Every structure is written in C-alpha cells, then in structure tokens.
>>> print(open('input_8.pdb').read())   # PDB, C-alpha atoms
ATOM      1  CA  MET A   1       0.000   0.000   0.000  1.00  0.00           C
ATOM      2  CA  ASP A   2       1.433   3.361  -1.032  1.00  0.00           C
ATOM      3  CA  ILE A   3       0.254   5.952   1.475  1.00  0.00           C
ATOM      4  CA  ALA A   4       1.618   8.766  -0.712  1.00  0.00           C
ATOM      5  CA  GLU A   5      -1.321   8.251  -3.081  1.00  0.00           C
ATOM      6  CA  GLU A   6      -3.698   9.055  -0.210  1.00  0.00           C
ATOM      7  CA  PHE A   7      -2.146  12.537   0.185  1.00  0.00           C
ATOM      8  CA  GLN A   8      -3.009  15.359  -2.157  1.00  0.00           C
ATOM      9  CA  ILE A   9      -1.492  18.829  -1.818  1.00  0.00           C
ATOM     10  CA  THR A  10      -2.938  21.662  -3.894  1.00  0.00           C
ATOM     11  CA  ASP A  11      -2.281  25.405  -3.766  1.00  0.00           C
ATOM     12  CA  THR A  12      -4.807  25.858  -0.969  1.00  0.00           C
ATOM     13  CA  THR A  13      -5.474  22.503   0.715  1.00  0.00           C
ATOM     14  CA  LEU A  14      -3.959  19.325   2.068  1.00  0.00           C
ATOM     15  CA  ARG A  15      -6.124  16.261   1.603  1.00  0.00           C
ATOM     16  CA  PHE A  16      -5.678  12.868   3.188  1.00  0.00           C
ATOM     17  CA  LYS A  17      -8.338  10.362   2.232  1.00  0.00           C
ATOM     18  CA  LYS A  18     -11.642  12.191   2.936  1.00  0.00           C
ATOM     19  CA  ASP A  19     -10.232  14.883   5.241  1.00  0.00           C
ATOM     20  CA  SER A  20      -9.066  18.264   3.982  1.00  0.00           C
ATOM     21  CA  TYR A  21      -7.103  21.022   5.722  1.00  0.00           C
ATOM     22  CA  ALA A  22      -6.504  24.572   4.495  1.00  0.00           C
ATOM     23  CA  LEU A  23      -2.781  25.159   3.970  1.00  0.00           C
ATOM     24  CA  SER A  24      -3.193  28.694   5.315  1.00  0.00           C
ATOM     25  CA  LYS A  25      -4.139  27.207   8.707  1.00  0.00           C
ATOM     26  CA  ILE A  26      -1.292  24.662   8.848  1.00  0.00           C
ATOM     27  CA  LYS A  27       1.692  26.030  10.765  1.00  0.00           C
ATOM     28  CA  GLY A  28       3.868  22.894  10.893  1.00  0.00           C
ATOM     29  CA  ALA A  29       4.086  19.152  10.287  1.00  0.00           C
ATOM     30  CA  LYS A  30       5.974  16.274  11.885  1.00  0.00           C
ATOM     31  CA  VAL A  31       6.197  12.529  12.282  1.00  0.00           C
ATOM     32  CA  LYS A  32       5.965  11.624  15.944  1.00  0.00           C
ATOM     33  CA  GLN A  33       7.353   8.365  17.311  1.00  0.00           C
ATOM     34  CA  ASN A  34       5.166   7.357  20.230  1.00  0.00           C
ATOM     35  CA  THR A  35       6.785   5.951  23.360  1.00  0.00           C
ATOM     36  CA  ILE A  36       5.489   3.513  25.961  1.00  0.00           C
ATOM     37  CA  LYS A  37       4.577   6.523  28.104  1.00  0.00           C
ATOM     38  CA  ASP A  38       2.445   7.961  25.273  1.00  0.00           C
ATOM     39  CA  HIS A  39       0.669   4.633  24.795  1.00  0.00           C
ATOM     40  CA  ALA A  40       0.076   4.131  28.533  1.00  0.00           C
ATOM     41  CA  LEU A  41      -1.297   7.653  28.947  1.00  0.00           C
ATOM     42  CA  ARG A  42      -3.655   7.201  25.993  1.00  0.00           C
ATOM     43  CA  VAL A  43      -4.908   3.791  27.155  1.00  0.00           C
ATOM     44  CA  VAL A  44      -5.525   4.946  30.735  1.00  0.00           C
ATOM     45  CA  THR A  45      -7.184   8.207  29.638  1.00  0.00           C
ATOM     46  CA  ILE A  46      -9.594   6.523  27.238  1.00  0.00           C
ATOM     47  CA  GLY A  47     -10.357   3.821  29.812  1.00  0.00           C
ATOM     48  CA  LEU A  48     -11.161   6.446  32.446  1.00  0.00           C
ATOM     49  CA  VAL A  49     -13.318   8.494  30.068  1.00  0.00           C
ATOM     50  CA  VAL A  50     -15.376   5.440  29.086  1.00  0.00           C
ATOM     51  CA  SER A  51     -15.675   4.368  32.719  1.00  0.00           C
ATOM     52  CA  SER A  52     -16.784   7.824  33.885  1.00  0.00           C
ATOM     53  CA  LEU A  53     -19.433   8.008  31.153  1.00  0.00           C
ATOM     54  CA  VAL A  54     -20.839   4.632  32.231  1.00  0.00           C
ATOM     55  CA  TRP A  55     -20.662   5.728  35.873  1.00  0.00           C
ATOM     56  CA  MET A  56     -22.714   8.841  35.067  1.00  0.00           C
ATOM     57  CA  ILE A  57     -25.294   6.923  33.041  1.00  0.00           C
ATOM     58  CA  ALA A  58     -25.698   3.832  35.228  1.00  0.00           C
ATOM     59  CA  PRO A  59     -28.073   4.383  38.144  1.00  0.00           C
ATOM     60  CA  GLY A  60     -26.789   4.141  41.728  1.00  0.00           C
ATOM     61  CA  SER A  61     -25.145   0.918  42.756  1.00  0.00           C
ATOM     62  CA  LEU A  62     -25.271  -0.498  39.230  1.00  0.00           C
ATOM     63  CA  GLY A  63     -22.403   1.860  38.399  1.00  0.00           C
ATOM     64  CA  LEU A  64     -20.240   0.096  40.974  1.00  0.00           C
ATOM     65  CA  TYR A  65     -20.397  -3.040  38.833  1.00  0.00           C
ATOM     66  CA  THR A  66     -20.497  -1.616  35.335  1.00  0.00           C
ATOM     67  CA  ALA A  67     -17.805   1.074  35.701  1.00  0.00           C
ATOM     68  CA  PRO A  68     -14.902  -1.371  36.244  1.00  0.00           C
ATOM     69  CA  VAL A  69     -16.068  -3.432  33.285  1.00  0.00           C
ATOM     70  CA  ALA A  70     -16.310  -0.261  31.191  1.00  0.00           C
ATOM     71  CA  LEU A  71     -12.797   0.723  32.303  1.00  0.00           C
ATOM     72  CA  ILE A  72     -11.394  -2.596  31.094  1.00  0.00           C
ATOM     73  CA  ILE A  73     -13.335  -2.453  27.809  1.00  0.00           C
ATOM     74  CA  GLY A  74     -12.244   1.154  27.220  1.00  0.00           C
ATOM     75  CA  MET A  75      -8.603   0.308  27.908  1.00  0.00           C
ATOM     76  CA  LEU A  76      -8.677  -2.758  25.649  1.00  0.00           C
ATOM     77  CA  SER A  77     -10.276  -0.822  22.802  1.00  0.00           C
ATOM     78  CA  ALA A  78      -7.690   1.970  23.193  1.00  0.00           C
ATOM     79  CA  PHE A  79      -4.886  -0.595  23.291  1.00  0.00           C
ATOM     80  CA  SER A  80      -6.110  -2.084  20.016  1.00  0.00           C
ATOM     81  CA  THR A  81      -5.611   1.278  18.273  1.00  0.00           C
ATOM     82  CA  VAL A  82      -2.039   1.899  19.489  1.00  0.00           C
ATOM     83  CA  ARG A  83       0.391   2.827  16.687  1.00  0.00           C
ATOM     84  CA  LYS A  84       4.121   3.540  16.853  1.00  0.00           C
ATOM     85  CA  TYR A  85       4.261   6.448  14.387  1.00  0.00           C
ATOM     86  CA  GLU A  86       1.878   9.378  13.908  1.00  0.00           C
ATOM     87  CA  PHE A  87       1.775  11.915  11.111  1.00  0.00           C
ATOM     88  CA  GLN A  88       0.732  15.225  12.661  1.00  0.00           C
ATOM     89  CA  ILE A  89       0.090  18.768  11.511  1.00  0.00           C
ATOM     90  CA  GLU A  90       0.043  21.896  13.650  1.00  0.00           C
ATOM     91  CA  PHE A  91      -3.353  23.325  12.788  1.00  0.00           C
ATOM     92  CA  GLN A  92      -4.831  26.738  13.612  1.00  0.00           C
ATOM     93  CA  HIS A  93      -8.532  26.199  14.351  1.00  0.00           C
ATOM     94  CA  ALA A  94     -11.076  28.930  13.631  1.00  0.00           C
ATOM     95  CA  ASP A  95     -12.672  28.816  17.083  1.00  0.00           C
ATOM     96  CA  GLU A  96     -11.193  29.232  20.568  1.00  0.00           C
ATOM     97  CA  THR A  97      -9.351  25.913  20.271  1.00  0.00           C
ATOM     98  CA  GLY A  98      -6.434  27.760  18.733  1.00  0.00           C
ATOM     99  CA  LEU A  99      -3.217  26.128  17.601  1.00  0.00           C
ATOM    100  CA  GLN A 100      -2.825  22.395  18.246  1.00  0.00           C
ATOM    101  CA  TRP A 101      -1.192  19.270  16.838  1.00  0.00           C
ATOM    102  CA  VAL A 102      -3.687  17.050  14.998  1.00  0.00           C
ATOM    103  CA  SER A 103      -2.942  13.436  14.074  1.00  0.00           C
ATOM    104  CA  ILE A 104      -3.778  12.767  10.459  1.00  0.00           C
ATOM    105  CA  ALA A 105      -2.530   9.200  10.107  1.00  0.00           C
ATOM    106  CA  LYS A 106      -0.927   6.454  12.215  1.00  0.00           C
ATOM    107  CA  THR A 107       1.108   3.362  11.410  1.00  0.00           C
ATOM    108  CA  ASN A 108       3.390   0.712  12.869  1.00  0.00           C
ATOM    109  CA  LYS A 109       5.356   0.207   9.636  1.00  0.00           C
ATOM    110  CA  LEU A 110       8.756   1.834   9.117  1.00  0.00           C
ATOM    111  CA  LYS A 111       8.211   2.000   5.351  1.00  0.00           C
ATOM    112  CA  ILE A 112       5.058   4.082   5.770  1.00  0.00           C
ATOM    113  CA  LYS A 113       6.826   6.279   8.359  1.00  0.00           C
ATOM    114  CA  GLU A 114       9.385   7.129   5.665  1.00  0.00           C
ATOM    115  CA  GLN A 115       6.545   8.116   3.330  1.00  0.00           C
ATOM    116  CA  PHE A 116       5.114  10.271   6.117  1.00  0.00           C
ATOM    117  CA  GLU A 117       8.469  12.049   6.382  1.00  0.00           C
ATOM    118  CA  LYS A 118       8.410  12.795   2.644  1.00  0.00           C
ATOM    119  CA  GLN A 119       4.923  14.254   3.033  1.00  0.00           C
ATOM    120  CA  VAL A 120       6.124  16.400   5.935  1.00  0.00           C
ATOM    121  CA  THR A 121       8.833  17.839   3.676  1.00  0.00           C
ATOM    122  CA  GLN A 122       6.311  18.586   0.914  1.00  0.00           C
ATOM    123  CA  ILE A 123       3.863  20.206   3.325  1.00  0.00           C
ATOM    124  CA  LEU A 124       6.540  22.368   4.926  1.00  0.00           C
ATOM    125  CA  GLU A 125       7.721  23.471   1.474  1.00  0.00           C
ATOM    126  CA  SER A 126       4.139  24.328   0.485  1.00  0.00           C
ATOM    127  CA  ILE A 127       3.597  26.281   3.715  1.00  0.00           C
ATOM    128  CA  HIS A 128       6.840  28.250   3.434  1.00  0.00           C
ATOM    129  CA  THR A 129       6.318  29.145  -0.237  1.00  0.00           C
ATOM    130  CA  ARG A 130       2.929  30.652   0.686  1.00  0.00           C
ATOM    131  CA  VAL A 131       4.438  32.906   3.381  1.00  0.00           C
TER     132      VAL A 131
END
>>> encode(input="input_8.pdb", output="structure tokens")
Amino acid sequence: MDIAEEFQITDTTLRFKKDSYALSKIKGAKVKQNTIKDHALRVVTIGLVVSSLVWMIAPGSLGLYTAPVALIIGMLSAFSTVRKYEFQIEFQHADETGLQWVSIAKTNKLKIKEQFEKQVTQILESIHTRV
C-alpha cells in the first residue's frame, strides 16, 4: 500500500483520504514516534473516560459493577488502536481551540513512516512558499 497516493497537496489545501485542511491554517508538520509513556497515557485516559461516562449513566449501585467493566473495555479498545508512528500537523482552528497538533494518520510500519516524512517535507515546502 502506497500511502503517498492518499495525500493530495494543492495550492490551498492538504487532503488525506476524505479529510481536507486549508494550507493557510497549517503552521507545521511532523512525524511523531510514540513511546510507551504515550501509549500508557492514551490507554488509561480513554479507559477512564469510558468508565466515567458509564458511571454517570448507570443508576446508583449499578455503576459500581459496570464502571470497572467499562474501564477494562475502554482500555482494551484503546490498546487495540495503538500505533508507533503518527503523522501530525500543527493546525490553527477557527474557534477558541487555537493552535494544536492534529494526528492525520498512524502506522506501525517503518516504510510508511518514511513516506510520512516525505509528506512532511512537501507540506513544509508548500507552507513556506505561501508565506
């Protein structure tokens, strides 16, 4: 699978699959290599969010039984989506969210990571030629 075919950079937009981002709002791009700490934080956070939602929905003492199960299910589902490399852009949102790094794509394969790095170079060139 050639991930480079999924990317499309025009004069005004970056497209990856069905998502599009205005180049004028992209301030940077990078390939991030996730560590064990990143994975653990993500798994625990998603597990706790799922558990707290179930705790709020489940009435009274039922939450005492369903919340731990929801925590485990949330953590397992988060663990199943763990990837070693992330392609990210620094995106300026229109609302109060402001500037933040947004993950566009993830992979575990070194070959695809190298393609991500080529895309980072192209995006940074496109951004800097616009300035």
>>> closest_residue(input="input_8.pdb", among="A:Arg83, A:Arg15, A:Lys25, A:Arg42", to="Asn108 of chain A", atoms="all atoms listed in the file")
A:Arg83
>>> closest_atom_pairs(input="input_8.pdb", of="segment 19-106 of chain A", to="segment 110-125 of chain A", cutoff="10 Å", atoms="all atoms listed in the file", output="CSV")
residue,atom,partner,partner_atom,distance
A:Leu23,CA,A:Ile123,CA,8.3
A:Ile26,CA,A:Ile123,CA,8.8
A:Lys27,CA,A:Leu124,CA,8.4
A:Gly28,CA,A:Leu124,CA,6.6
A:Ala29,CA,A:Val120,CA,5.5
A:Lys30,CA,A:Val120,CA,6.0
A:Val31,CA,A:Glu117,CA,6.3
A:Lys32,CA,A:Lys113,CA,9.3
A:Gln33,CA,A:Lys113,CA,9.2
A:Lys84,CA,A:Leu110,CA,9.2
A:Tyr85,CA,A:Lys113,CA,6.6
A:Glu86,CA,A:Lys113,CA,8.1
A:Phe87,CA,A:Phe116,CA,6.2
A:Gln88,CA,A:Val120,CA,8.7
A:Ile89,CA,A:Val120,CA,8.6
A:Ala105,CA,A:Phe116,CA,8.7
A:Lys106,CA,A:Lys113,CA,8.7
>>> closest_residue(input="input_8.pdb", among="A:Pro68, A:Leu41, A:Ala22, A:Asp95", to="Val54 of chain A", atoms="all atoms listed in the file")
A:Pro68
>>> residues_near_point(input="input_8.pdb", point="(-18.7, -2.0, 33.6)", cutoff="12 Å", atoms="all atoms listed in the file", output="ChimeraX atom specification")
/A:47-48,50-58,61-75
>>> write_last_selection(input="input_8.pdb", atoms="C-alpha atoms", output="PDB file, in the coordinates of the input")
ATOM      1  CA  GLY A  47     -10.357   3.821  29.812  1.00  0.00           C
ATOM      2  CA  LEU A  48     -11.161   6.446  32.446  1.00  0.00           C
ATOM      3  CA  VAL A  50     -15.376   5.440  29.086  1.00  0.00           C
ATOM      4  CA  SER A  51     -15.675   4.368  32.719  1.00  0.00           C
ATOM      5  CA  SER A  52     -16.784   7.824  33.885  1.00  0.00           C
ATOM      6  CA  LEU A  53     -19.433   8.008  31.153  1.00  0.00           C
ATOM      7  CA  VAL A  54     -20.839   4.632  32.231  1.00  0.00           C
ATOM      8  CA  TRP A  55     -20.662   5.728  35.873  1.00  0.00           C
ATOM      9  CA  MET A  56     -22.714   8.841  35.067  1.00  0.00           C
ATOM     10  CA  ILE A  57     -25.294   6.923  33.041  1.00  0.00           C
ATOM     11  CA  ALA A  58     -25.698   3.832  35.228  1.00  0.00           C
ATOM     12  CA  SER A  61     -25.145   0.918  42.756  1.00  0.00           C
ATOM     13  CA  LEU A  62     -25.271  -0.498  39.230  1.00  0.00           C
ATOM     14  CA  GLY A  63     -22.403   1.860  38.399  1.00  0.00           C
ATOM     15  CA  LEU A  64     -20.240   0.096  40.974  1.00  0.00           C
ATOM     16  CA  TYR A  65     -20.397  -3.040  38.833  1.00  0.00           C
ATOM     17  CA  THR A  66     -20.497  -1.616  35.335  1.00  0.00           C
ATOM     18  CA  ALA A  67     -17.805   1.074  35.701  1.00  0.00           C
ATOM     19  CA  PRO A  68     -14.902  -1.371  36.244  1.00  0.00           C
ATOM     20  CA  VAL A  69     -16.068  -3.432  33.285  1.00  0.00           C
ATOM     21  CA  ALA A  70     -16.310  -0.261  31.191  1.00  0.00           C
ATOM     22  CA  LEU A  71     -12.797   0.723  32.303  1.00  0.00           C
ATOM     23  CA  ILE A  72     -11.394  -2.596  31.094  1.00  0.00           C
ATOM     24  CA  ILE A  73     -13.335  -2.453  27.809  1.00  0.00           C
ATOM     25  CA  GLY A  74     -12.244   1.154  27.220  1.00  0.00           C
ATOM     26  CA  MET A  75      -8.603   0.308  27.908  1.00  0.00           C
TER      27      MET A  75
END
>>> atom_distance(input="input_8.pdb", atom1="atom CA of Ile3 of chain A", atom2="atom CA of His128 of chain A")
23.3 Å
>>> closest_residue(input="input_8.pdb", among="A:Ser24, A:Thr81, A:Ser126, A:Gln100", to="His39 of chain A", atoms="all atoms listed in the file")
A:Thr81
>>> resolve_selection(input="input_8.pdb", expression="the PyMOL selection byres ((chain A and resi 16) around 10)", output="ChimeraX atom specification")
/A:3-9,13-15,17-21,104-105
>>> atom_distance(input="input_8.pdb", atom1="atom CA of Phe79 of chain A", atom2="atom CA of Ala40 of chain A")
8.6 Å
>>> atom_distance(input="input_8.pdb", atom1="atom CA of Ala94 of chain A", atom2="atom CA of Ile46 of chain A")
26.3 Å
>>> axis_aligned_box(input="input_8.pdb", around="segment 27-40 of chain A", padding_each_side="3 Å", output="JSON")
{"center_x": 3.7, "center_y": 14.8, "center_z": 19.4, "size_x": 13.3, "size_y": 28.5, "size_z": 24.2}
>>> closest_residue(input="input_8.pdb", among="A:Ser103, A:Lys109, A:Pro59, A:Asp11", to="Phe91 of chain A", atoms="all atoms listed in the file")
A:Ser103
>>> build_atoms(input="input_8.pdb", residues="segment 30-41 of chain A", atoms="all heavy atoms", output="CSV table (one decimal), in the coordinates of the input")
chain,number,residue,atom,x,y,z
A,30,LYS,N,4.9,17.1,11.3
A,30,LYS,CA,6.0,16.3,11.9
A,30,LYS,C,5.5,14.8,11.9
A,30,LYS,O,4.3,14.6,11.8
A,30,LYS,CB,6.4,16.7,13.3
A,30,LYS,CG,5.3,16.5,14.3
A,30,LYS,CD,5.8,16.9,15.7
A,30,LYS,CE,4.7,16.7,16.8
A,30,LYS,NZ,5.1,17.1,18.1
A,31,VAL,N,6.5,13.9,12.0
A,31,VAL,CA,6.2,12.5,12.3
A,31,VAL,C,6.6,12.3,13.7
A,31,VAL,O,7.8,12.5,14.1
A,31,VAL,CB,7.0,11.6,11.3
A,31,VAL,CG1,6.7,10.2,11.7
A,31,VAL,CG2,6.5,11.9,9.9
A,32,LYS,N,5.7,11.9,14.5
A,32,LYS,CA,6.0,11.6,15.9
A,32,LYS,C,6.1,10.1,16.2
A,32,LYS,O,5.3,9.3,15.7
A,32,LYS,CB,4.8,12.2,16.8
A,32,LYS,CG,5.0,12.0,18.3
A,32,LYS,CD,3.9,12.5,19.1
A,32,LYS,CE,4.1,12.2,20.5
A,32,LYS,NZ,2.9,12.3,21.3
A,33,GLN,N,7.2,9.8,16.9
A,33,GLN,CA,7.4,8.4,17.3
A,33,GLN,C,6.8,8.2,18.7
A,33,GLN,O,7.4,8.8,19.7
A,33,GLN,CB,8.8,7.9,17.2
A,33,GLN,CG,9.0,6.5,17.6
A,33,GLN,CD,10.4,6.0,17.3
A,33,GLN,OE1,11.2,6.7,16.6
A,33,GLN,NE2,10.7,4.8,17.8
A,34,ASN,N,5.8,7.5,18.9
A,34,ASN,CA,5.2,7.4,20.2
A,34,ASN,C,6.0,6.4,21.1
A,34,ASN,O,6.6,5.4,20.6
A,34,ASN,CB,3.7,6.8,20.1
A,34,ASN,CG,2.8,7.8,19.5
A,34,ASN,OD1,2.9,9.0,19.8
A,34,ASN,ND2,2.0,7.3,18.6
A,35,THR,N,6.0,6.8,22.4
A,35,THR,CA,6.8,6.0,23.4
A,35,THR,C,5.8,5.1,24.2
A,35,THR,O,4.6,5.3,24.1
A,35,THR,CB,7.6,6.9,24.3
A,35,THR,OG1,6.7,7.7,25.0
A,35,THR,CG2,8.6,7.7,23.5
A,36,ILE,N,6.3,4.3,25.0
A,36,ILE,CA,5.5,3.5,26.0
A,36,ILE,C,4.7,4.5,26.8
A,36,ILE,O,3.5,4.2,27.1
A,36,ILE,CB,6.4,2.6,26.8
A,36,ILE,CG1,7.1,1.5,26.0
A,36,ILE,CG2,5.6,1.9,27.9
A,36,ILE,CD1,6.2,0.5,25.3
A,37,LYS,N,5.3,5.5,27.3
A,37,LYS,CA,4.6,6.5,28.1
A,37,LYS,C,3.4,7.1,27.4
A,37,LYS,O,2.3,7.3,27.9
A,37,LYS,CB,5.5,7.6,28.5
A,37,LYS,CG,4.9,8.7,29.5
A,37,LYS,CD,6.0,9.7,29.9
A,37,LYS,CE,6.0,10.8,28.9
A,37,LYS,NZ,6.8,11.9,29.3
A,38,ASP,N,3.6,7.4,26.1
A,38,ASP,CA,2.4,8.0,25.3
A,38,ASP,C,1.3,6.9,25.2
A,38,ASP,O,0.1,7.3,25.3
A,38,ASP,CB,2.9,8.3,23.9
A,38,ASP,CG,3.9,9.5,23.8
A,38,ASP,OD1,3.8,10.4,24.6
A,38,ASP,OD2,4.9,9.4,23.0
A,39,HIS,N,1.7,5.7,24.9
A,39,HIS,CA,0.7,4.6,24.8
A,39,HIS,C,-0.1,4.4,26.1
A,39,HIS,O,-1.3,4.3,26.1
A,39,HIS,CB,1.3,3.3,24.3
A,39,HIS,CG,1.9,3.4,23.0
A,39,HIS,ND1,1.3,3.9,21.9
A,39,HIS,CD2,3.1,3.0,22.5
A,39,HIS,CE1,2.1,3.9,20.8
A,39,HIS,NE2,3.2,3.3,21.2
A,40,ALA,N,0.7,4.4,27.2
A,40,ALA,CA,0.1,4.1,28.5
A,40,ALA,C,-0.9,5.3,28.9
A,40,ALA,O,-2.0,5.0,29.4
A,40,ALA,CB,1.2,4.0,29.6
A,41,LEU,N,-0.4,6.5,28.6
A,41,LEU,CA,-1.3,7.7,28.9
A,41,LEU,C,-2.6,7.6,28.1
A,41,LEU,O,-3.7,7.8,28.7
A,41,LEU,CB,-0.5,8.9,28.7
A,41,LEU,CG,-1.3,10.2,28.9
A,41,LEU,CD1,-1.6,10.4,30.4
A,41,LEU,CD2,-0.5,11.4,28.5
